Amino acid sequence: MKKEITKYYPLIPVFAAYLLLFLIGRNISGMWQLVAMLLFYCALGQAFNIFLGMTGYVDFGYVAFMGIGTYGMALAITKLAHIEGLGIGIIIIGFILALLMSTLLSVAVGAVALRLRGAYFAIATIGVNEGFRFLIEGARIWNGSEGLIFTAQLNEILGREAASSLMTYWADIMVLIIAALAAFVTLYYMRSKIGYALTALREDEDAAKVMGINVTKYKIIAFITSACFAGLVGATSWALKTPYVFPPEVFEIHYTIEAIIIVLLGGAGTLLGPVAGGLIYGISKYYLAIFMPGFQLLIFAPIIIIIIVLFPEGVVGMLKYRLKDSALARFII
Amino acid sequence: MPLLKLENVTKRFGGLTAVNHVSLEIDHGEFIGIVGPNGSGKTTLFNVISGVYFPEEGSVIFDDLDITLLPPYKRAPLGIGRTFQIPRPFGSASVRENIAVGAMFGTLSGKVSVDESLQIADQTIERVRLQEHRDKPAGTLTPVEKKLMEIARALAMKPKLLLMDEAMAGMHPNDIDQMVAFIKQIAVEEKIAIVSMVEHIMRAVVGMAEKVIVLHQGSKIVDAPTKEALEDPKVVEVYLGHPPEE
Amino acid sequence: MLLEQLSGNLIQGIILGAVYGMATMGLSLIFGVLKVVNVGHGAFIMVGAFVTLWLFNALGINPIIALPGAFVIGMGLGLIFYYTTMQRLIKAPELATLLATFSIGILLEELVKLIFGSEFRGYNWVVGKIDIGVTVLPLSKLYACIGSVIIALLLYLWFKKTRAGSAIRSVVEDSEGARVCGVNVGGAYALSFALGIGLTVSSGVLLTMFIPVGINPYMGGGYTLKAFVIAVLGGLSSPYGAFFGGLVFGLIENGSYTLFALIPGVEPFALTRFLSFVILLAILLIKPTGLLSTK
C-alpha cells in the first residue's frame, strides 16, 4: 500500500504551488487578479499537456474545446434561467453540458484527425477552431455572430451578490480545482498503461504498433481527456467569470498559442511543467502588460524559438535532469 | 501444424512488386535464416508478417489463425515479436520502461499490470546483461546495447515467433558469435521460432539456422535445410562475387 | 441571371485561383524538400503585402516593380530563418519544426505591427478594367494572374534546366541517395527554404494586386488555412500540384460563395471559410497524398 502512495509523491510540489498561489491571493490585497490569471494559465497548460505533452501531437485547434465548453455553460444559463428553483443546479448542468459538448466535438475531430500522422494531423487541426467559428457564424447557430450575453440571467439565478462573488472569486477557485484535477489525471495516466503507451507512441508510433499498442485508442483517450479539461476551463474561466460569449473571442487561436508556450516552457510531458510554465508565462505576461503593453507576443515569439532550439526539454525537463540522482528526484516528474 | 504459414503472398508498391508469390512455413521453435541482397524484399516480407503492410494477394496464417488483415497491434499479443534493422527504442523512456512496454502490451492475456511488467522487465534485463543501464534513457545507449534492448523488449512479449531484422549488422565478429549463441540458447529454452534476416550469407547466422530461405527480387528461390541451401547453384548465382564464406 | 453571375464568379475564381496557386508553391516546395510544414506561411504573405503597400504609398512604386523586390526580401528572410533556426531542427521531432515556424509567423506579425500598427490599410492602383461580358475584370487582377502564371513557369524551367534545380529535385526524391551522389543536401535545404519564402513573399504582392484592401499584420492567418487546403489538394510536396490546387480552390471558393448567397438566413462568407475547412479534412481523410497527385 505504501508503494501506491509513493507513486503519487510528484503531486506534492504541484499541489503546494496551487496552495501557495491561493494563500498569496487570499492574504495579500490586490493580488487576487494576478493569482486568478496564473491559475487560468496553469489549468490551461495542465489540460493541454495531457495531449500535446504526452502524445507529441500538435493540436492547433485546441481552443475550440475551450470555446465549446464556454458555449455549454452559456447555453445552460440562457436556456434554463427561466425555470424556477433550479438555482445553482443550472451551473452544475452547465458543467455537464460543457463536458458533453467538448467530448462530442473531440470525438468528432479526433475520429477524423487522429487517423492522420504528425504534420498532417497538425494541418487538419489548424482549421478546427476557425471552421467551427465560421459554422456558428455562417449558419447562425446559437445566435451566430451576435453571441450570447447572460449577465442578467446569472443575476436572476443566483442573486446579484452571489453572482458577483461567483465571477470574482468562486469561479477562480473552480479553476484551481480543475487544474489540480487535471494534474491528478496526468499522473494517474503516467503511472498506468496509458502513460506507457503514450510515451511509446510519442517516441516511435510504428514501433509502438508492432509492440502491441493500439495507438489510435490511446491517442483518442488523451485527446478526449485533454479536450474535456479545456471545456471545463472555458466553462469556468470564460463563461462564469465573464458572462458572455462571442464566437471570434472564444475561438481565437491566440489561446492555443499561449497553451503551447506554457507547455513547452515548463517541459512537455512532465507533470510539474505546466505549473512552472503557467507561472513563468503568466507573471511575465502580467508585468510585460504593465511595462510594455501590446508587445507580449513580440517578446514571446522569439522566446519560443529559443526554447525549441536550445532547451527543448523545458524548465522542469532540465530540473529533472539536474536532480536525477538526488532525494528530490521522486517528487519531480 | 506449422506456426507460421504464408500462402502465395504478394505485396506491390505502385508498379513495383516487392514480394512476389512467396509461400513458406515455419515450425514451432525453428531457427530460420532469410537471406537476400538489399532490395530483395526481406524487410517487406517482415512488414507483411508483423502487419505493417497488408499483402495484395495471398494469406498469412499464424497459429491456425488467418491474420492477413489483422492490424499490427493485434498481432503482437498473439506472439509475433520483432526487432528492427536500425534499432527503434522509445528514446526518452528508460531501458526498463522500454522492456516493460513489451510485457505490458505484447503478451497474450493483455492483462499484465504495470508493476508485473516492470518485474518482467527487470528479469529480462538480467538475461541480456543490461543491468547497469537499467534506468538510462534508451536513446543514450550504444548501437549494440540498443540491439540488445530491442531483443529484450521483444522477449518480454513472450513471443512464439521472433523476427530479427539484421540483428547483427554493424557488430564486431566476436560479438556476433556471442549474440547468435545467446539468441539460439533463448530460442531453445523458450521454444521461440526465430527468423533472422541477413543481407549476406553470414557464417554465424546461417550456421545456426536449421533452414535457409533465399529471396531474390521479391521471389523465393531457395527453401531448404542449411547445408543443401548453401550448395544450391541458384544461391551461388545470386551471390556471384559474394560466394558463401567458409 | 444566376448562370451569368455564376460564370462571372467562376472566371474571377480561376484568376484568383492562379494567384492562390502561386501563393502556395512556396509552402509545397519547403515541405517537399525539408519535410517541414511552414505553419507561419500566411505571415510571409502578409510581409509581401506590406512591402507592396509601403513601396506604393511611400515611394509611388507600382506593384509589378515591387515583385522582384519582395522576392529578394523573402529570400533574405528565408536565409536568416534557415540558418538561425530551421537548420538546427531538421532532425528534431515534428513538434519542434511546427512550433518554430508558427513562432516565426507570430514574430513577423508582431514586428510588422510594431512598425506599421494594426489598423487595416489599402492602396489604390488605378490601371483600368476590361468588360468580358459576364463580368468586369480590373486589369490589376489580370496582371496578378499573368504574373502568377509566369512565375510558376519560371520555377518550372528553373527546376528542369539548372543544376541547382535538379539537385533540389533529387533531394525531394531521396535525400540520402542525393547525398551519396554528391549533392550538397544542406545547401539544397537552405536554397529551397529561401526560395520557398521568396516565392511566398512575392505572392503577397500578387494577392494585394487582387485584393488591395484589408492589409494588416494579422491578415495571414486566413491565407495559411487556404494554403493548406490548396497544398493538400495538390499533394503537399509538389509546387506544380499546388498551382493546380490553387486553380481548383479558386473555383470552389467563388462558386460556393455564389451558391451560399442563395440560402436565406446564412452568412455566405463565413460558410465558404467553413467549407474550405471541410474540404481540407475530407481530402486528408480520403487521399492524404493529394487528389491531383498520381502517387
# chains A, B, ... in the order shown; residues from 1 in each chain; ligands from 1
call {"tool": "select_by_dssp", "arguments": {"residues": "range 129-187 of chain B", "states": "helix (DSSP H, G or I)", "output": "PyMOL selection string"}}
result
chain B and resi 131-133+138-140+143-155+173-187
call {"tool": "residues_around", "arguments": {"residues": "Val180 in chain C", "least_positions_apart": "5", "cutoff": "12 Å", "atoms": "only C-alpha atoms", "output": "ChimeraX atom specification"}}
result
/C:170-171,174-175,185
call {"tool": "write_last_selection", "arguments": {"atoms": "C-alpha atoms", "output": "short mmCIF file (atom, residue, chain, number, x, y, z; two decimals), in the first residue's frame"}}
result
data_model
loop_
_atom_site.label_atom_id
_atom_site.label_comp_id
_atom_site.auth_asym_id
_atom_site.auth_seq_id
_atom_site.Cartn_x
_atom_site.Cartn_y
_atom_site.Cartn_z
CA SER C 170 16.99 14.78 -56.36
CA VAL C 171 16.73 15.71 -52.68
CA ASP C 174 15.60 10.68 -51.92
CA SER C 175 17.77 12.87 -49.71
CA VAL C 185 21.98 18.43 -49.25
#
call {"tool": "closest_atom_pairs", "arguments": {"of": "chain B", "to": "chain A", "cutoff": "6 Å", "atoms": "only C-alpha atoms", "output": "JSON lines"}}
result
{"residue": "B:Pro72", "atom": "CA", "partner": "A:Val210", "partner_atom": "CA", "distance": 5.4}
{"residue": "B:Tyr73", "atom": "CA", "partner": "A:Gly212", "partner_atom": "CA", "distance": 3.8}
{"residue": "B:Ala76", "atom": "CA", "partner": "A:Gly212", "partner_atom": "CA", "distance": 4.7}
{"residue": "B:Phe90", "atom": "CA", "partner": "A:Glu203", "partner_atom": "CA", "distance": 5.0}
{"residue": "B:Gly102", "atom": "CA", "partner": "A:Met211", "partner_atom": "CA", "distance": 5.9}
{"residue": "B:Phe105", "atom": "CA", "partner": "A:Gly212", "partner_atom": "CA", "distance": 5.1}
{"residue": "B:Gly106", "atom": "CA", "partner": "A:Gly212", "partner_atom": "CA", "distance": 4.8}
call {"tool": "interface_residues", "arguments": {"of": "chain C", "to": "chain A", "cutoff": "8 Å", "atoms": "only C-alpha atoms", "output": "count of residues only"}}
result
35
call {"tool": "residues_around", "arguments": {"residues": "Gly170 in chain B", "least_positions_apart": "4", "cutoff": "12 Å", "atoms": "only C-alpha atoms", "output": "MDAnalysis selection string"}}
result
chainID B and resid 85:87 142:144 147 166 174:176 198:199
call {"tool": "write_last_selection", "arguments": {"atoms": "N, CA and C atoms", "output": "mmCIF file, in the first residue's frame"}}
result
data_model
loop_
_atom_site.group_PDB
_atom_site.id
_atom_site.type_symbol
_atom_site.label_atom_id
_atom_site.label_comp_id
_atom_site.auth_asym_id
_atom_site.auth_seq_id
_atom_site.Cartn_x
_atom_site.Cartn_y
_atom_site.Cartn_z
ATOM 1 N N GLN B 85 15.911 -3.251 -38.163
ATOM 2 C CA GLN B 85 17.251 -3.170 -38.754
ATOM 3 C C GLN B 85 18.054 -2.056 -38.079
ATOM 4 N N ILE B 86 17.455 -0.857 -38.055
ATOM 5 C CA ILE B 86 18.039 0.227 -37.263
ATOM 6 C C ILE B 86 17.210 0.272 -35.986
ATOM 7 N N PRO B 87 17.824 0.058 -34.819
ATOM 8 C CA PRO B 87 17.032 -0.066 -33.593
ATOM 9 C C PRO B 87 16.100 1.125 -33.398
ATOM 10 N N THR B 142 24.510 2.699 -26.640
ATOM 11 C CA THR B 142 25.294 2.489 -27.861
ATOM 12 C C THR B 142 24.473 1.614 -28.809
ATOM 13 N N PRO B 143 24.829 1.611 -30.104
ATOM 14 C CA PRO B 143 24.045 0.804 -31.048
ATOM 15 C C PRO B 143 23.919 -0.663 -30.634
ATOM 16 N N VAL B 144 24.992 -1.264 -30.148
ATOM 17 C CA VAL B 144 24.920 -2.677 -29.771
ATOM 18 C C VAL B 144 23.989 -2.853 -28.574
ATOM 19 N N LYS B 147 20.484 -2.757 -29.676
ATOM 20 C CA LYS B 147 20.045 -4.033 -30.268
ATOM 21 C C LYS B 147 19.667 -5.011 -29.166
ATOM 22 N N GLU B 166 18.268 -8.002 -39.475
ATOM 23 C CA GLU B 166 19.694 -7.651 -39.439
ATOM 24 C C GLU B 166 20.185 -7.442 -38.014
ATOM 25 N N ASN B 174 33.328 -10.982 -33.131
ATOM 26 C CA ASN B 174 33.280 -11.728 -31.871
ATOM 27 C C ASN B 174 31.928 -11.557 -31.192
ATOM 28 N N ASP B 175 31.415 -10.311 -31.234
ATOM 29 C CA ASP B 175 30.109 -10.047 -30.626
ATOM 30 C C ASP B 175 29.035 -10.837 -31.347
ATOM 31 N N ILE B 176 29.178 -10.927 -32.675
ATOM 32 C CA ILE B 176 28.165 -11.634 -33.451
ATOM 33 C C ILE B 176 28.063 -13.080 -32.990
ATOM 34 N N VAL B 198 19.210 -11.668 -42.900
ATOM 35 C CA VAL B 198 20.531 -11.086 -43.139
ATOM 36 C C VAL B 198 20.729 -10.796 -44.617
ATOM 37 N N GLU B 199 21.586 -9.838 -44.869
ATOM 38 C CA GLU B 199 21.816 -9.425 -46.239
ATOM 39 C C GLU B 199 22.775 -10.400 -46.924
#
call {"tool": "interface_residues", "arguments": {"of": "chain B", "to": "chain C", "cutoff": "12 Å", "atoms": "only C-alpha atoms", "output": "list in words"}}
result
Phe13, Gly14, Gly15 and Gly91 of chain B
call {"tool": "write_last_selection", "arguments": {"atoms": "C-alpha atoms", "output": "PDB file, in the first residue's frame"}}
result
ATOM      1  CA  PHE B  13       4.153  -0.688 -54.254  1.00  0.00           C
ATOM      2  CA  GLY B  14       2.764   1.122 -57.274  1.00  0.00           C
ATOM      3  CA  GLY B  15       4.212  -0.779 -60.214  1.00  0.00           C
ATOM      4  CA  GLY B  91      14.266   7.144 -26.721  1.00  0.00           C
TER       5      GLY B  91
END
call {"tool": "residues_around", "arguments": {"residues": "Ala154 in chain B", "least_positions_apart": "6", "cutoff": "8 Å", "atoms": "only C-alpha atoms", "output": "list in words"}}
result
Met211 of chain A; Gly81, Arg82, Thr83, Ile99, Gly102 and Leu162 of chain B
call {"tool": "residues_around", "arguments": {"residues": "range 230-243 of chain C", "least_positions_apart": "3", "cutoff": "8 Å", "atoms": "only C-alpha atoms", "output": "VMD selection string"}}
result
chain C and resid 18 20 to 22 24 to 33 152 156 226 to 227 246 to 247 249 280 283 to 284 288 to 293
call {"tool": "write_last_selection", "arguments": {"atoms": "N, CA and C atoms", "output": "short mmCIF file (atom, residue, chain, number, x, y, z; two decimals), in the first residue's frame"}}
result
data_model
loop_
_atom_site.label_atom_id
_atom_site.label_comp_id
_atom_site.auth_asym_id
_atom_site.auth_seq_id
_atom_site.Cartn_x
_atom_site.Cartn_y
_atom_site.Cartn_z
N ALA C 18 -5.29 31.16 -59.77
CA ALA C 18 -3.90 31.16 -60.22
C ALA C 18 -3.02 31.85 -59.18
N TYR C 20 -3.76 32.19 -55.95
CA TYR C 20 -3.73 31.28 -54.80
C TYR C 20 -2.70 30.19 -55.01
N GLY C 21 -2.71 29.62 -56.21
CA GLY C 21 -1.79 28.54 -56.51
C GLY C 21 -0.36 28.99 -56.34
N MET C 22 -0.05 30.16 -56.91
CA MET C 22 1.31 30.68 -56.80
C MET C 22 1.65 30.93 -55.33
N THR C 24 0.88 29.27 -52.92
CA THR C 24 1.05 28.03 -52.15
C THR C 24 2.29 27.26 -52.57
N MET C 25 2.89 27.67 -53.71
CA MET C 25 4.04 26.91 -54.22
C MET C 25 5.19 26.88 -53.22
N GLY C 26 5.39 27.99 -52.53
CA GLY C 26 6.49 28.06 -51.56
C GLY C 26 6.28 27.07 -50.43
N LEU C 27 5.04 26.97 -49.98
CA LEU C 27 4.71 26.03 -48.89
C LEU C 27 5.03 24.60 -49.32
N SER C 28 4.61 24.26 -50.53
CA SER C 28 4.82 22.89 -51.02
C SER C 28 6.30 22.61 -51.27
N LEU C 29 7.00 23.62 -51.78
CA LEU C 29 8.43 23.43 -52.03
C LEU C 29 9.14 23.11 -50.73
N ILE C 30 8.85 23.90 -49.69
CA ILE C 30 9.53 23.71 -48.41
C ILE C 30 9.16 22.35 -47.81
N PHE C 31 7.89 21.97 -47.94
CA PHE C 31 7.52 20.66 -47.39
C PHE C 31 8.18 19.54 -48.18
N GLY C 32 8.18 19.69 -49.51
CA GLY C 32 8.75 18.66 -50.35
C GLY C 32 10.21 18.41 -50.05
N VAL C 33 10.97 19.47 -49.87
CA VAL C 33 12.41 19.32 -49.70
C VAL C 33 12.77 19.06 -48.24
N ALA C 152 5.19 30.74 -62.05
CA ALA C 152 5.09 29.28 -62.00
C ALA C 152 5.90 28.65 -63.13
N TYR C 156 9.26 26.29 -62.97
CA TYR C 156 9.29 25.01 -63.65
C TYR C 156 10.57 24.88 -64.47
N LYS C 226 -6.04 28.56 -46.12
CA LYS C 226 -6.31 28.30 -47.54
C LYS C 226 -5.14 27.59 -48.20
N ALA C 227 -3.93 28.04 -47.86
CA ALA C 227 -2.76 27.43 -48.49
C ALA C 227 -2.66 25.96 -48.12
N GLY C 246 -4.51 25.41 -56.49
CA GLY C 246 -4.98 26.79 -56.35
C GLY C 246 -6.11 27.10 -57.31
N LEU C 247 -5.94 26.68 -58.57
CA LEU C 247 -7.00 26.91 -59.56
C LEU C 247 -8.31 26.27 -59.13
N PHE C 249 -9.18 25.45 -56.12
CA PHE C 249 -9.69 26.08 -54.91
C PHE C 249 -10.38 27.42 -55.23
N LEU C 280 -10.65 20.42 -46.60
CA LEU C 280 -9.33 20.04 -46.09
C LEU C 280 -9.40 18.69 -45.39
N ILE C 283 -10.20 15.74 -47.82
CA ILE C 283 -9.08 15.27 -48.64
C ILE C 283 -8.07 14.53 -47.79
N LEU C 284 -7.77 15.08 -46.62
CA LEU C 284 -6.79 14.42 -45.77
C LEU C 284 -7.22 13.00 -45.44
N PRO C 288 -4.54 11.45 -48.48
CA PRO C 288 -3.61 12.44 -47.93
C PRO C 288 -2.51 12.85 -48.90
N THR C 289 -2.23 12.03 -49.92
CA THR C 289 -1.17 12.41 -50.85
C THR C 289 -1.67 13.42 -51.87
N GLY C 290 -2.95 13.80 -51.79
CA GLY C 290 -3.45 14.83 -52.69
C GLY C 290 -4.32 14.27 -53.79
N LEU C 291 -5.41 14.97 -54.09
CA LEU C 291 -6.33 14.49 -55.10
C LEU C 291 -5.71 14.57 -56.49
N LEU C 292 -4.82 15.56 -56.69
CA LEU C 292 -4.30 15.77 -58.03
C LEU C 292 -3.00 15.01 -58.28
N SER C 293 -2.50 14.33 -57.25
CA SER C 293 -1.25 13.63 -57.47
C SER C 293 -1.55 12.21 -57.91
#
call {"tool": "residues_around", "arguments": {"residues": "range 314-331 of chain A", "least_positions_apart": "4", "cutoff": "12 Å", "atoms": "only C-alpha atoms", "output": "JSON, numbers by chain"}}
result
{"A": [5, 6, 7, 8, 9, 10, 11, 12, 13, 14, 15, 16, 53, 187, 260, 261, 262, 263, 264, 265, 266, 267, 268, 269, 270, 271, 272, 273, 274, 275, 276, 277, 278, 279, 280, 281, 303, 304, 306, 307, 308, 309, 310], "B": [92, 135, 136, 137]}
call {"tool": "atom_distance", "arguments": {"atom1": "CA of Ala17 in chain A", "atom2": "CA of Glu4 in chain A"}}
result
22.6 Å
call {"tool": "closest_residue", "arguments": {"among": "C:Val72, C:Leu3, C:Ile11, C:Val112", "to": "Leu195 in chain C", "atoms": "only C-alpha atoms"}}
result
C:Val72
call {"tool": "atom_distance", "arguments": {"atom1": "CA of Gly282 in chain A", "atom2": "CA of Glu258 in chain A"}}
result
9.6 Å
call {"tool": "residues_around", "arguments": {"residues": "Gly74 in chain C", "least_positions_apart": "2", "cutoff": "9 Å", "atoms": "only C-alpha atoms", "output": "MDAnalysis selection string"}}
result
chainID C and resid 44 47:48 69:72 76:79 194:202
call {"tool": "closest_residue", "arguments": {"among": "B:Val195, B:Leu6, B:Ala18, B:Val35", "to": "Val235 in chain B", "atoms": "only C-alpha atoms"}}
result
B:Val35
call {"tool": "closest_residue", "arguments": {"among": "B:Leu69, B:Leu4, B:Val238, B:Ile32", "to": "Ala187 in chain B", "atoms": "only C-alpha atoms"}}
result
B:Ile32
call {"tool": "atom_distance", "arguments": {"atom1": "CA of Ile45 in chain C", "atom2": "CA of Gly222 in chain C"}}
result
10.6 Å
call {"tool": "closest_residue", "arguments": {"among": "C:Leu67, C:Leu139, C:Lys35, C:Gly133", "to": "Pro93 in chain C", "atoms": "only C-alpha atoms"}}
result
C:Lys35
call {"tool": "closest_residue", "arguments": {"among": "B:Leu130, B:Gly218, B:Gly51, B:Arg96", "to": "Asp115 in chain B", "atoms": "only C-alpha atoms"}}
result
B:Arg96
call {"tool": "select_by_dssp", "arguments": {"residues": "range 38-201 of chain B", "states": "strand (DSSP E or B)", "output": "count of residues only"}}
result
25
call {"tool": "decode", "arguments": {"residues": "range 85-114 of chain C", "atoms": "C-alpha atoms", "output": "compact mmCIF listing (two decimals), in the first residue's frame"}}
result
# COMPACT_ATOMS: atom_id res chain seq x y z
CA THR C 85 16.50 28.20 -36.62
CA MET C 86 15.44 25.64 -39.18
CA GLN C 87 18.90 24.21 -39.81
CA ARG C 88 19.13 23.13 -36.18
CA LEU C 89 15.73 21.48 -36.27
CA ILE C 90 15.97 19.35 -39.41
CA LYS C 91 16.47 16.20 -37.34
CA ALA C 92 14.24 17.29 -34.44
CA PRO C 93 10.75 15.88 -33.91
CA GLU C 94 7.92 17.37 -35.95
CA LEU C 95 6.62 19.18 -32.89
CA ALA C 96 9.73 21.36 -32.93
CA THR C 97 9.55 22.47 -36.56
CA LEU C 98 5.82 23.08 -36.40
CA LEU C 99 6.17 25.28 -33.36
CA ALA C 100 9.25 27.03 -34.70
CA THR C 101 7.61 28.06 -37.97
CA PHE C 102 4.50 29.00 -36.05
CA SER C 103 6.55 31.28 -33.79
CA ILE C 104 8.39 32.78 -36.74
CA GLY C 105 4.98 33.71 -38.12
CA ILE C 106 3.98 35.40 -34.87
CA LEU C 107 7.31 37.21 -34.69
CA LEU C 108 6.80 38.64 -38.17
CA GLU C 109 3.25 39.70 -37.38
CA GLU C 110 4.31 41.48 -34.23
CA LEU C 111 7.28 43.15 -35.91
CA VAL C 112 5.07 44.47 -38.68
CA LYS C 113 2.53 45.60 -36.11
CA LEU C 114 5.31 47.42 -34.26
